[in-house]
file final-v6.pdb (PDB, C-alpha atoms)
ATOM      1  CA  MET A   1      23.004  74.982 107.263
ATOM      2  CA  CYS A   2      24.174  76.967 104.255
ATOM      3  CA  TRP A   3      24.869  74.770 101.222
ATOM      4  CA  LEU A   4      28.259  76.505 100.822
ATOM      5  CA  ASP A   5      29.381  74.600 103.910
ATOM      6  CA  PHE A   6      28.593  71.176 102.417
ATOM      7  CA  THR A   7      31.731  69.132 101.722
ATOM      8  CA  PRO A   8      31.990  67.599  98.254
ATOM      9  CA  GLY A   9      35.721  66.862  98.503
ATOM     10  CA  LEU A  10      38.334  68.184  96.073
ATOM     11  CA  PHE A  11      40.617  66.235  93.722
ATOM     12  CA  SER A  12      43.908  67.828  92.632
ATOM     13  CA  CYS A  13      43.185  66.936  88.986
ATOM     14  CA  VAL A  14      41.063  64.558  86.905
ATOM     15  CA  SER A  15      43.592  61.714  87.293
ATOM     16  CA  ASP A  16      43.724  62.086  91.086
ATOM     17  CA  ASN A  17      41.556  59.412  92.693
ATOM     18  CA  PHE A  18      41.805  60.601  96.311
ATOM     19  CA  SER A  19      40.109  63.775  97.519
ATOM     20  CA  ARG A  20      40.693  66.085 100.448
ATOM     21  CA  PRO A  21      37.702  67.499 102.354
ATOM     22  CA  ARG A  22      36.879  70.981 101.069
ATOM     23  CA  THR A  23      33.611  72.875 101.262
ATOM     24  CA  PHE A  24      31.919  74.594  98.335
ATOM     25  CA  ARG A  25      32.834  77.882 100.027
ATOM     26  CA  GLU A  26      36.535  76.998 100.044
ATOM     27  CA  ILE A  27      36.466  75.727  96.460
ATOM     28  CA  TYR A  28      34.697  78.774  94.991
ATOM     29  CA  PHE A  29      36.416  81.494  97.029
ATOM     30  CA  THR A  30      39.880  80.147  97.815
ATOM     31  CA  ASP A  31      41.052  76.985  96.073
ATOM     32  CA  PHE A  32      40.519  78.215  92.503
ATOM     33  CA  ASN A  33      43.458  80.615  92.900
ATOM     34  CA  ILE A  34      45.890  78.484  94.923
ATOM     35  CA  ASN A  35      48.728  76.611  93.248
ATOM     36  CA  HIS A  36      48.353  72.835  93.298
ATOM     37  CA  ASP A  37      50.132  69.792  91.899
ATOM     38  CA  TRP A  38      48.625  67.886  89.000
ATOM     39  CA  PHE A  39      49.420  64.962  86.713
ATOM     40  CA  TYR A  40      47.938  63.320  83.643
ATOM     41  CA  LYS A  41      48.892  60.756  81.023
ATOM     42  CA  ASN A  42      49.745  62.240  77.636
ATOM     43  CA  GLU A  43      48.453  59.640  75.214
ATOM     44  CA  GLN A  44      50.455  61.047  72.311
ATOM     45  CA  LEU A  45      53.766  60.909  74.181
ATOM     46  CA  LYS A  46      52.767  57.713  76.022
ATOM     47  CA  ARG A  47      53.999  59.045  79.360
ATOM     48  CA  TRP A  48      52.800  60.782  82.504
ATOM     49  CA  ILE A  49      53.261  64.535  82.816
ATOM     50  CA  SER A  50      53.152  66.450  86.098
ATOM     51  CA  GLY A  51      53.301  70.079  87.133
ATOM     52  CA  ASN A  52      52.016  72.815  89.403
ATOM     53  CA  SER A  53      49.654  75.679  88.578
ATOM     54  CA  ASN A  54      46.549  77.513  89.742
ATOM     55  CA  ASP A  55      43.185  77.082  88.100
ATOM     56  CA  LEU A  56      42.433  80.756  87.512
ATOM     57  CA  GLN A  57      45.509  81.170  85.322
ATOM     58  CA  THR A  58      44.764  77.902  83.528
ATOM     59  CA  GLN A  59      41.203  79.045  82.857
ATOM     60  CA  MET A  60      42.545  82.272  81.344
ATOM     61  CA  GLN A  61      44.825  80.216  79.086
ATOM     62  CA  ILE A  62      41.914  78.063  77.934
ATOM     63  CA  ARG A  63      39.755  81.075  77.119
ATOM     64  CA  SER A  64      42.566  82.744  75.169
ATOM     65  CA  LEU A  65      43.110  79.785  72.804
ATOM     66  CA  ASN A  66      42.506  80.368  69.109
ATOM     67  CA  PRO A  67      39.704  77.907  68.197
ATOM     68  CA  LEU A  68      40.922  77.884  64.587
ATOM     69  CA  ALA A  69      44.373  76.625  65.534
ATOM     70  CA  GLU A  70      44.948  73.036  64.464
ATOM     71  CA  ASP A  71      45.964  71.856  67.926
ATOM     72  CA  SER A  72      43.551  73.982  69.980
ATOM     73  CA  GLN A  73      41.295  71.081  70.992
ATOM     74  CA  GLN A  74      44.203  68.960  72.207
ATOM     75  CA  VAL A  75      45.797  71.891  74.046
ATOM     76  CA  LYS A  76      42.453  72.695  75.695
ATOM     77  CA  LEU A  77      41.980  69.073  76.749
ATOM     78  CA  ASN A  78      45.472  68.898  78.264
ATOM     79  CA  LEU A  79      44.890  72.137  80.171
ATOM     80  CA  LYS A  80      41.554  70.885  81.518
ATOM     81  CA  LEU A  81      43.265  67.742  82.794
ATOM     82  CA  THR A  82      45.362  69.947  85.105
ATOM     83  CA  LEU A  83      42.345  71.577  86.777
ATOM     84  CA  GLN A  84      41.114  70.589  90.215
ATOM     85  CA  CYS A  85      37.692  68.935  90.255
ATOM     86  CA  TYR A  86      34.949  67.864  92.626
ATOM     87  CA  THR A  87      31.779  65.776  92.663
ATOM     88  CA  SER A  88      28.909  68.224  93.181
ATOM     89  CA  SER A  89      26.341  65.691  94.375
ATOM     90  CA  ALA A  90      28.385  63.547  96.740
ATOM     91  CA  TYR A  91      31.490  63.351  98.872
ATOM     92  CA  TYR A  92      33.891  60.637  97.732
ATOM     93  CA  THR A  93      37.232  60.080  99.429
ATOM     94  CA  CYS A  94      38.151  57.760  96.542
ATOM     95  CA  LYS A  95      36.700  57.823  93.028
ATOM     96  CA  LYS A  96      38.826  55.083  91.464
ATOM     97  CA  LYS A  97      36.569  52.901  89.339
ATOM     98  CA  GLY A  98      35.568  49.771  91.213
ATOM     99  CA  GLU A  99      37.065  51.081  94.461
ATOM    100  CA  GLU A 100      34.843  54.116  95.102
ATOM    101  CA  VAL A 101      34.461  55.215  98.722
ATOM    102  CA  LEU A 102      31.249  57.215  99.152
ATOM    103  CA  VAL A 103      31.038  59.182 102.397
ATOM    104  CA  ASP A 104      27.847  61.147 101.836
ATOM    105  CA  LYS A 105      25.251  62.040  99.205
ATOM    106  CA  LEU A 106      24.670  65.781  98.987
ATOM    107  CA  PRO A 107      21.313  67.467  98.202
ATOM    108  CA  ILE A 108      22.909  69.247  95.243
ATOM    109  CA  LEU A 109      22.138  68.778  91.545
ATOM    110  CA  CYS A 110      24.493  70.275  88.961
ATOM    111  CA  LEU A 111      23.311  71.058  85.419
ATOM    112  CA  ASP A 112      25.412  72.209  82.465
ATOM    113  CA  TRP A 113      24.602  74.208  79.366
ATOM    114  CA  ASP A 114      27.427  74.010  76.848
ATOM    115  CA  HIS A 115      28.103  76.017  73.707
ATOM    116  CA  LEU A 116      25.336  78.583  74.074
ATOM    117  CA  GLY A 117      26.550  80.387  70.969
ATOM    118  CA  ASN A 118      25.429  83.980  70.656
ATOM    119  CA  HIS A 119      23.178  83.933  73.723
ATOM    120  CA  ASP A 120      23.678  86.661  76.318
ATOM    121  CA  LEU A 121      25.157  84.552  79.114
ATOM    122  CA  GLU A 122      24.689  87.215  81.780
ATOM    123  CA  TYR A 123      20.991  87.440  80.923
ATOM    124  CA  LEU A 124      20.600  83.648  80.969
ATOM    125  CA  LYS A 125      22.355  83.457  84.338
ATOM    126  CA  LYS A 126      19.838  85.878  85.808
ATOM    127  CA  GLN A 127      16.903  83.968  84.313
ATOM    128  CA  ILE A 128      18.100  80.652  85.747
ATOM    129  CA  PHE A 129      18.749  82.333  89.106
ATOM    130  CA  GLU A 130      15.058  83.286  89.300
ATOM    131  CA  ILE A 131      14.324  79.656  90.213
ATOM    132  CA  PRO A 132      14.005  79.525  94.046
ATOM    133  CA  SER A 133      15.940  76.254  94.376
ATOM    134  CA  VAL A 134      19.022  77.596  92.580
ATOM    135  CA  CYS A 135      22.106  77.912  94.788
ATOM    136  CA  PHE A 136      24.657  79.074  92.283
ATOM    137  CA  VAL A 137      25.017  80.028  88.596
ATOM    138  CA  SER A 138      28.334  80.590  86.857
ATOM    139  CA  LYS A 139      30.137  80.458  83.539
ATOM    140  CA  SER A 140      31.926  77.214  82.743
ATOM    141  CA  VAL A 141      35.695  76.850  82.333
ATOM    142  CA  GLY A 142      35.701  77.790  78.651
ATOM    143  CA  GLY A 143      33.467  80.818  79.226
ATOM    144  CA  LYS A 144      30.990  79.803  76.517
ATOM    145  CA  GLY A 145      28.598  77.801  78.667
ATOM    146  CA  LEU A 146      26.932  77.879  82.075
ATOM    147  CA  PHE A 147      26.416  75.575  85.011
ATOM    148  CA  ALA A 148      24.038  75.825  87.944
ATOM    149  CA  LEU A 149      23.654  74.108  91.299
ATOM    150  CA  PHE A 150      20.177  73.314  92.638
ATOM    151  CA  LEU A 151      19.172  72.347  96.173
ATOM    152  CA  ILE A 152      16.982  69.230  96.088
ATOM    153  CA  ALA A 153      15.009  67.695  98.954
ATOM    154  CA  GLU A 154      15.786  64.052  98.125
ATOM    155  CA  PRO A 155      19.466  63.475  97.318
ATOM    156  CA  GLU A 156      18.841  59.740  96.993
ATOM    157  CA  LYS A 157      16.716  60.494  93.895
ATOM    158  CA  LEU A 158      19.397  62.430  92.008
ATOM    159  CA  GLN A 159      18.779  60.724  88.664
ATOM    160  CA  SER A 160      15.022  61.381  88.798
ATOM    161  CA  TYR A 161      15.559  65.051  89.633
ATOM    162  CA  ALA A 162      18.129  65.439  86.856
ATOM    163  CA  GLU A 163      15.858  63.895  84.228
ATOM    164  CA  HIS A 164      12.957  66.024  85.448
ATOM    165  CA  PHE A 165      15.047  69.173  84.986
ATOM    166  CA  PHE A 166      16.234  68.030  81.552
ATOM    167  CA  ILE A 167      12.634  67.891  80.360
ATOM    168  CA  VAL A 168      11.523  71.141  82.011
ATOM    169  CA  PHE A 169      14.422  73.207  80.671
ATOM    170  CA  ASP A 170      14.097  71.655  77.222
ATOM    171  CA  LYS A 171      10.445  72.767  77.104
ATOM    172  CA  TYR A 172      11.594  76.330  77.723
ATOM    173  CA  GLY A 173      14.183  76.188  74.957
ATOM    174  CA  LEU A 174      17.265  75.901  77.161
ATOM    175  CA  LYS A 175      18.383  72.307  76.697
ATOM    176  CA  PRO A 176      20.945  71.144  79.289
ATOM    177  CA  ASP A 177      23.771  68.717  78.622
ATOM    178  CA  THR A 178      22.022  65.425  79.378
ATOM    179  CA  THR A 179      25.306  63.506  79.737
ATOM    180  CA  LYS A 180      25.906  65.176  83.112
ATOM    181  CA  GLY A 181      23.904  65.507  86.311
ATOM    182  CA  ARG A 182      22.459  62.020  86.797
ATOM    183  CA  ASN A 183      25.432  60.401  88.503
ATOM    184  CA  TYR A 184      26.968  61.036  91.915
ATOM    185  CA  THR A 185      30.404  60.474  90.354
ATOM    186  CA  ASP A 186      30.022  63.238  87.732
ATOM    187  CA  LEU A 187      32.993  65.575  87.998
ATOM    188  CA  ARG A 188      32.873  69.369  87.922
ATOM    189  CA  LEU A 189      36.077  71.167  86.955
ATOM    190  CA  VAL A 190      37.000  74.104  89.175
ATOM    191  CA  SER A 191      36.330  77.441  87.459
ATOM    192  CA  TYR A 192      35.881  81.080  88.406
ATOM    193  CA  ASP A 193      33.365  83.725  87.346
ATOM    194  CA  CYS A 194      33.665  87.237  88.796
ATOM    195  CA  ASN A 195      29.919  87.648  88.190
ATOM    196  CA  MET A 196      28.784  84.378  89.768
ATOM    197  CA  LEU A 197      25.300  84.443  91.275
ATOM    198  CA  ILE A 198      24.929  82.946  94.766
ATOM    199  CA  ARG A 199      21.919  82.335  97.006
ATOM    200  CA  ASP A 200      22.985  81.287 100.494
ATOM    201  CA  TYR A 201      19.667  79.744 101.513
ATOM    202  CA  PRO A 202      17.677  78.504  98.505
ATOM    203  CA  ALA A 203      14.357  76.695  98.861
ATOM    204  CA  ALA A 204      14.929  72.958  98.540
ATOM    205  CA  LEU A 205      12.943  71.593  95.618
ATOM    206  CA  LYS A 206      10.745  68.559  96.242
ATOM    207  CA  VAL A 207       9.162  67.096  93.123
ATOM    208  CA  LYS A 208       5.869  65.315  93.810
ATOM    209  CA  ARG A 209       5.394  64.031  90.284
ATOM    210  CA  PHE A 210       8.452  63.553  88.117
ATOM    211  CA  SER A 211       8.248  64.170  84.388
ATOM    212  CA  ALA A 212       8.382  60.905  82.466
ATOM    213  CA  PRO A 213      11.758  60.423  80.749
ATOM    214  CA  VAL A 214      11.537  60.998  77.023
ATOM    215  CA  ARG A 215      11.977  57.718  75.213
ATOM    216  CA  ALA A 216      13.835  57.874  71.928
ATOM    217  CA  THR A 217      11.717  56.570  69.088
ATOM    218  CA  HIS A 218      13.230  55.347  65.865
ATOM    219  CA  ASN A 219      11.292  55.586  62.639
ATOM    220  CA  SER A 220      11.856  52.564  60.419
ATOM    221  CA  ASN A 221      12.023  54.977  57.517
ATOM    222  CA  HIS A 222      14.833  56.962  59.165
ATOM    223  CA  SER A 223      17.550  57.996  56.775
ATOM    224  CA  PHE A 224      19.928  55.229  57.863
ATOM    225  CA  ASN A 225      20.129  54.278  54.223
ATOM    226  CA  ASN A 226      22.247  57.339  53.556
ATOM    227  CA  HIS A 227      25.651  58.261  54.942
ATOM    228  CA  SER A 228      24.545  61.519  56.570
ATOM    229  CA  GLY A 229      21.693  60.027  58.598
ATOM    230  CA  LEU A 230      23.785  57.124  59.848
ATOM    231  CA  VAL A 231      26.665  59.368  60.883
ATOM    232  CA  LYS A 232      24.315  61.723  62.765
ATOM    233  CA  TRP A 233      22.863  58.759  64.652
ATOM    234  CA  ALA A 234      26.326  57.446  65.543
ATOM    235  CA  ILE A 235      27.584  60.807  66.816
ATOM    236  CA  LYS A 236      24.433  61.349  68.896
ATOM    237  CA  GLU A 237      24.834  57.928  70.528
ATOM    238  CA  ILE A 238      28.506  58.546  71.307
ATOM    239  CA  ASN A 239      27.847  61.989  72.806
ATOM    240  CA  SER A 240      24.942  60.835  75.003
ATOM    241  CA  ALA A 241      26.738  57.837  76.545
ATOM    242  CA  GLN A 242      26.792  57.857  80.353
ATOM    243  CA  VAL A 243      29.629  56.602  82.538
ATOM    244  CA  GLY A 244      29.056  52.863  82.783
ATOM    245  CA  GLN A 245      27.539  52.738  79.282
ATOM    246  CA  ARG A 246      30.437  54.086  77.218
ATOM    247  CA  PHE A 247      32.055  50.750  76.359
ATOM    248  CA  GLU A 248      28.769  49.151  75.288
ATOM    249  CA  ILE A 249      27.659  52.135  73.190
ATOM    250  CA  VAL A 250      31.030  52.693  71.505
ATOM    251  CA  ARG A 251      31.223  49.009  70.552
ATOM    252  CA  LYS A 252      27.606  48.877  69.363
ATOM    253  CA  VAL A 253      27.802  52.015  67.249
ATOM    254  CA  SER A 254      31.213  51.204  65.775
ATOM    255  CA  TYR A 255      30.152  47.665  64.899
ATOM    256  CA  ALA A 256      27.019  48.965  63.153
ATOM    257  CA  MET A 257      29.021  51.532  61.195
ATOM    258  CA  GLY A 258      31.581  48.896  60.280
ATOM    259  CA  GLY A 259      28.804  46.814  58.782
ATOM    260  CA  ARG A 260      28.272  49.637  56.309
ATOM    261  CA  SER A 261      31.987  50.463  55.983
ATOM    262  CA  THR A 262      31.451  54.140  56.684
ATOM    263  CA  GLY A 263      31.886  56.760  59.388
ATOM    264  CA  LEU A 264      34.884  55.543  61.394
ATOM    265  CA  GLU A 265      36.579  58.949  61.281
ATOM    266  CA  ASN A 266      33.360  60.594  62.497
ATOM    267  CA  ILE A 267      33.162  58.215  65.466
ATOM    268  CA  LEU A 268      36.795  58.782  66.408
ATOM    269  CA  ASP A 269      36.371  62.544  66.144
ATOM    270  CA  ALA A 270      33.247  62.445  68.369
ATOM    271  CA  ILE A 271      35.116  60.486  71.059
ATOM    272  CA  LYS A 272      38.063  62.902  70.948
ATOM    273  CA  HIS A 273      35.851  65.949  71.464
ATOM    274  CA  CYS A 274      33.270  64.630  73.969
ATOM    275  CA  SER A 275      33.982  65.492  77.624
ATOM    276  CA  GLN A 276      32.602  62.115  78.741
ATOM    277  CA  TYR A 277      35.771  60.458  77.374
ATOM    278  CA  ALA A 278      38.272  63.047  78.656
ATOM    279  CA  GLY A 279      41.386  61.322  79.959
ATOM    280  CA  VAL A 280      40.388  57.869  78.642
ATOM    281  CA  GLU A 281      39.844  58.672  74.969
ATOM    282  CA  THR A 282      42.713  56.448  73.762
ATOM    283  CA  LYS A 283      41.073  53.368  75.252
ATOM    284  CA  TYR A 284      37.729  54.122  73.605
ATOM    285  CA  LEU A 285      39.357  55.017  70.283
ATOM    286  CA  THR A 286      40.892  51.532  70.295
ATOM    287  CA  HIS A 287      37.538  49.928  71.171
ATOM    288  CA  ALA A 288      35.912  51.819  68.295
ATOM    289  CA  GLU A 289      38.520  50.736  65.752
ATOM    290  CA  GLN A 290      38.301  47.097  66.845
ATOM    291  CA  ALA A 291      34.489  47.017  66.729
ATOM    292  CA  PHE A 292      34.427  48.786  63.353
ATOM    293  CA  ALA A 293      36.839  46.194  61.936
ATOM    294  CA  ALA A 294      34.656  43.385  63.316
ATOM    295  CA  GLY A 295      31.572  44.964  61.761
ATOM    296  CA  LYS A 296      33.232  45.124  58.352
ATOM    297  CA  LEU A 297      33.491  41.328  58.421
ATOM    298  CA  LYS A 298      29.673  41.189  58.370
ATOM    299  CA  PRO A 299      28.654  43.883  55.886
ATOM    300  CA  ILE A 300      25.062  45.147  55.885
ATOM    301  CA  CYS A 301      23.526  45.413  52.445
ATOM    302  CA  ASN A 302      20.869  48.077  51.756
TER     303      ASN A 302
END
call {"tool": "encode", "arguments": {"input": "final-v6.pdb", "output": "structure tokens"}}
result
Amino acid sequence: MCWLDFTPGLFSCVSDNFSRPRTFREIYFTDFNINHDWFYKNEQLKRWISGNSNDLQTQMQIRSLNPLAEDSQQVKLNLKLTLQCYTSSAYYTCKKKGEEVLVDKLPILCLDWDHLGNHDLEYLKKQIFEIPSVCFVSKSVGGKGLFALFLIAEPEKLQSYAEHFFIVFDKYGLKPDTTKGRNYTDLRLVSYDCNMLIRDYPAALKVKRFSAPVRATHNSNHSFNNHSGLVKWAIKEINSAQVGQRFEIVRKVSYAMGGRSTGLENILDAIKHCSQYAGVETKYLTHAEQAFAAGKLKPICN
């Protein structure tokens, strides 16, 4: 069976919790350019907004934004919330937290590479596509990053395969976004690339010996005694938080920063601009402010 005929299910937008059965083939070749309804909660206006659009036109709007404009990040976020999305590694009929309905785990792993700067994306796409297990390589929604789908032999070991790939790609100087890929519930926004690379029948990868996950080590002499080092640590923790860990990490980091009465604005900015908090940033901004205030009540003295 060609992987393009697997059914991941398609959600009309990020806020939509109920999918309709659509194959990868339909998503990549048809649905991206069909008008669909969408809705999202505008946290600034404190109300729900709805509309109808097609993802190709929305993608063009996102890519045409002036990154220097004061409101570009918020406009980009709002536009992304109107895009259709799917779970690459599983078929869920419902993704509502606590009420998930999993129909099937798919032998597909999705990896992202964001903000590749001045790299030649077309060249990188071809290099990634050289891997026999690669099904698909394409530019991301914003056009400045890439994502790739891999066929894996053991879909029940998704997390192990993802972490193995993180280490392998990092060794070759192409570090993936490690906040995505491990979880069956990770969402992929619908996007289109006229130069997408597709392999109908890739060789399923079976890893016999997984690379050991890299454990973060903290030097007791780390520069936590200065503002810069502490802020860098806080931002890294916020950006690497996985779904299911976000509340704990945001509270922990904000409380620690509050103990030193520094860095709240940096934490809030990191939450606003990290895709892991898209659509729920207001809730986590509130958690951060509350934990920071609690930390200030127990100041840490250097």
call {"tool": "resolve_selection", "arguments": {"input": "final-v6.pdb", "expression": "the PyMOL selection byres ((chain A and resi 142-150) around 7)", "output": "tab-separated table (two decimals) with C-alpha atoms, in the frame of the given file"}}
result
chain	number	residue	atom	x	y	z
A	62	ILE	CA	41.91	78.06	77.93
A	63	ARG	CA	39.76	81.08	77.12
A	108	ILE	CA	22.91	69.25	95.24
A	109	LEU	CA	22.14	68.78	91.54
A	110	CYS	CA	24.49	70.28	88.96
A	111	LEU	CA	23.31	71.06	85.42
A	112	ASP	CA	25.41	72.21	82.46
A	113	TRP	CA	24.60	74.21	79.37
A	114	ASP	CA	27.43	74.01	76.85
A	115	HIS	CA	28.10	76.02	73.71
A	116	LEU	CA	25.34	78.58	74.07
A	133	SER	CA	15.94	76.25	94.38
A	134	VAL	CA	19.02	77.60	92.58
A	135	CYS	CA	22.11	77.91	94.79
A	136	PHE	CA	24.66	79.07	92.28
A	137	VAL	CA	25.02	80.03	88.60
A	138	SER	CA	28.33	80.59	86.86
A	139	LYS	CA	30.14	80.46	83.54
A	140	SER	CA	31.93	77.21	82.74
A	141	VAL	CA	35.70	76.85	82.33
A	151	LEU	CA	19.17	72.35	96.17
A	152	ILE	CA	16.98	69.23	96.09
call {"tool": "resolve_selection", "arguments": {"input": "final-v6.pdb", "expression": "the PyMOL selection byres ((chain A and resi 189) around 12)", "output": "PyMOL selection string"}}
result
chain A and resi 10-14+27-28+31-32+55-56+58-59+77+79-88+110+112+139-142+147+186-188+190-192+275+278
call {"tool": "closest_residue", "arguments": {"input": "final-v6.pdb", "among": "A:Val103, A:Ile34, A:Leu268, A:Ala234", "to": "Tyr91 of chain A", "atoms": "only C-alpha atoms"}}
result
A:Val103
call {"tool": "resolve_selection", "arguments": {"input": "final-v6.pdb", "expression": "the PyMOL selection byres ((chain A and resi 16-23) around 7)", "output": "PyMOL selection string"}}
result
chain A and resi 4-15+24-27+92-96
call {"tool": "atom_distance", "arguments": {"input": "final-v6.pdb", "atom1": "atom CA of Ser211 of chain A", "atom2": "atom CA of His164 of chain A"}}
result
5.2 Å
call {"tool": "closest_residue", "arguments": {"input": "final-v6.pdb", "among": "A:Asp200, A:Lys272, A:Val253, A:Trp3", "to": "Ala294 of chain A", "atoms": "only C-alpha atoms"}}
result
A:Val253
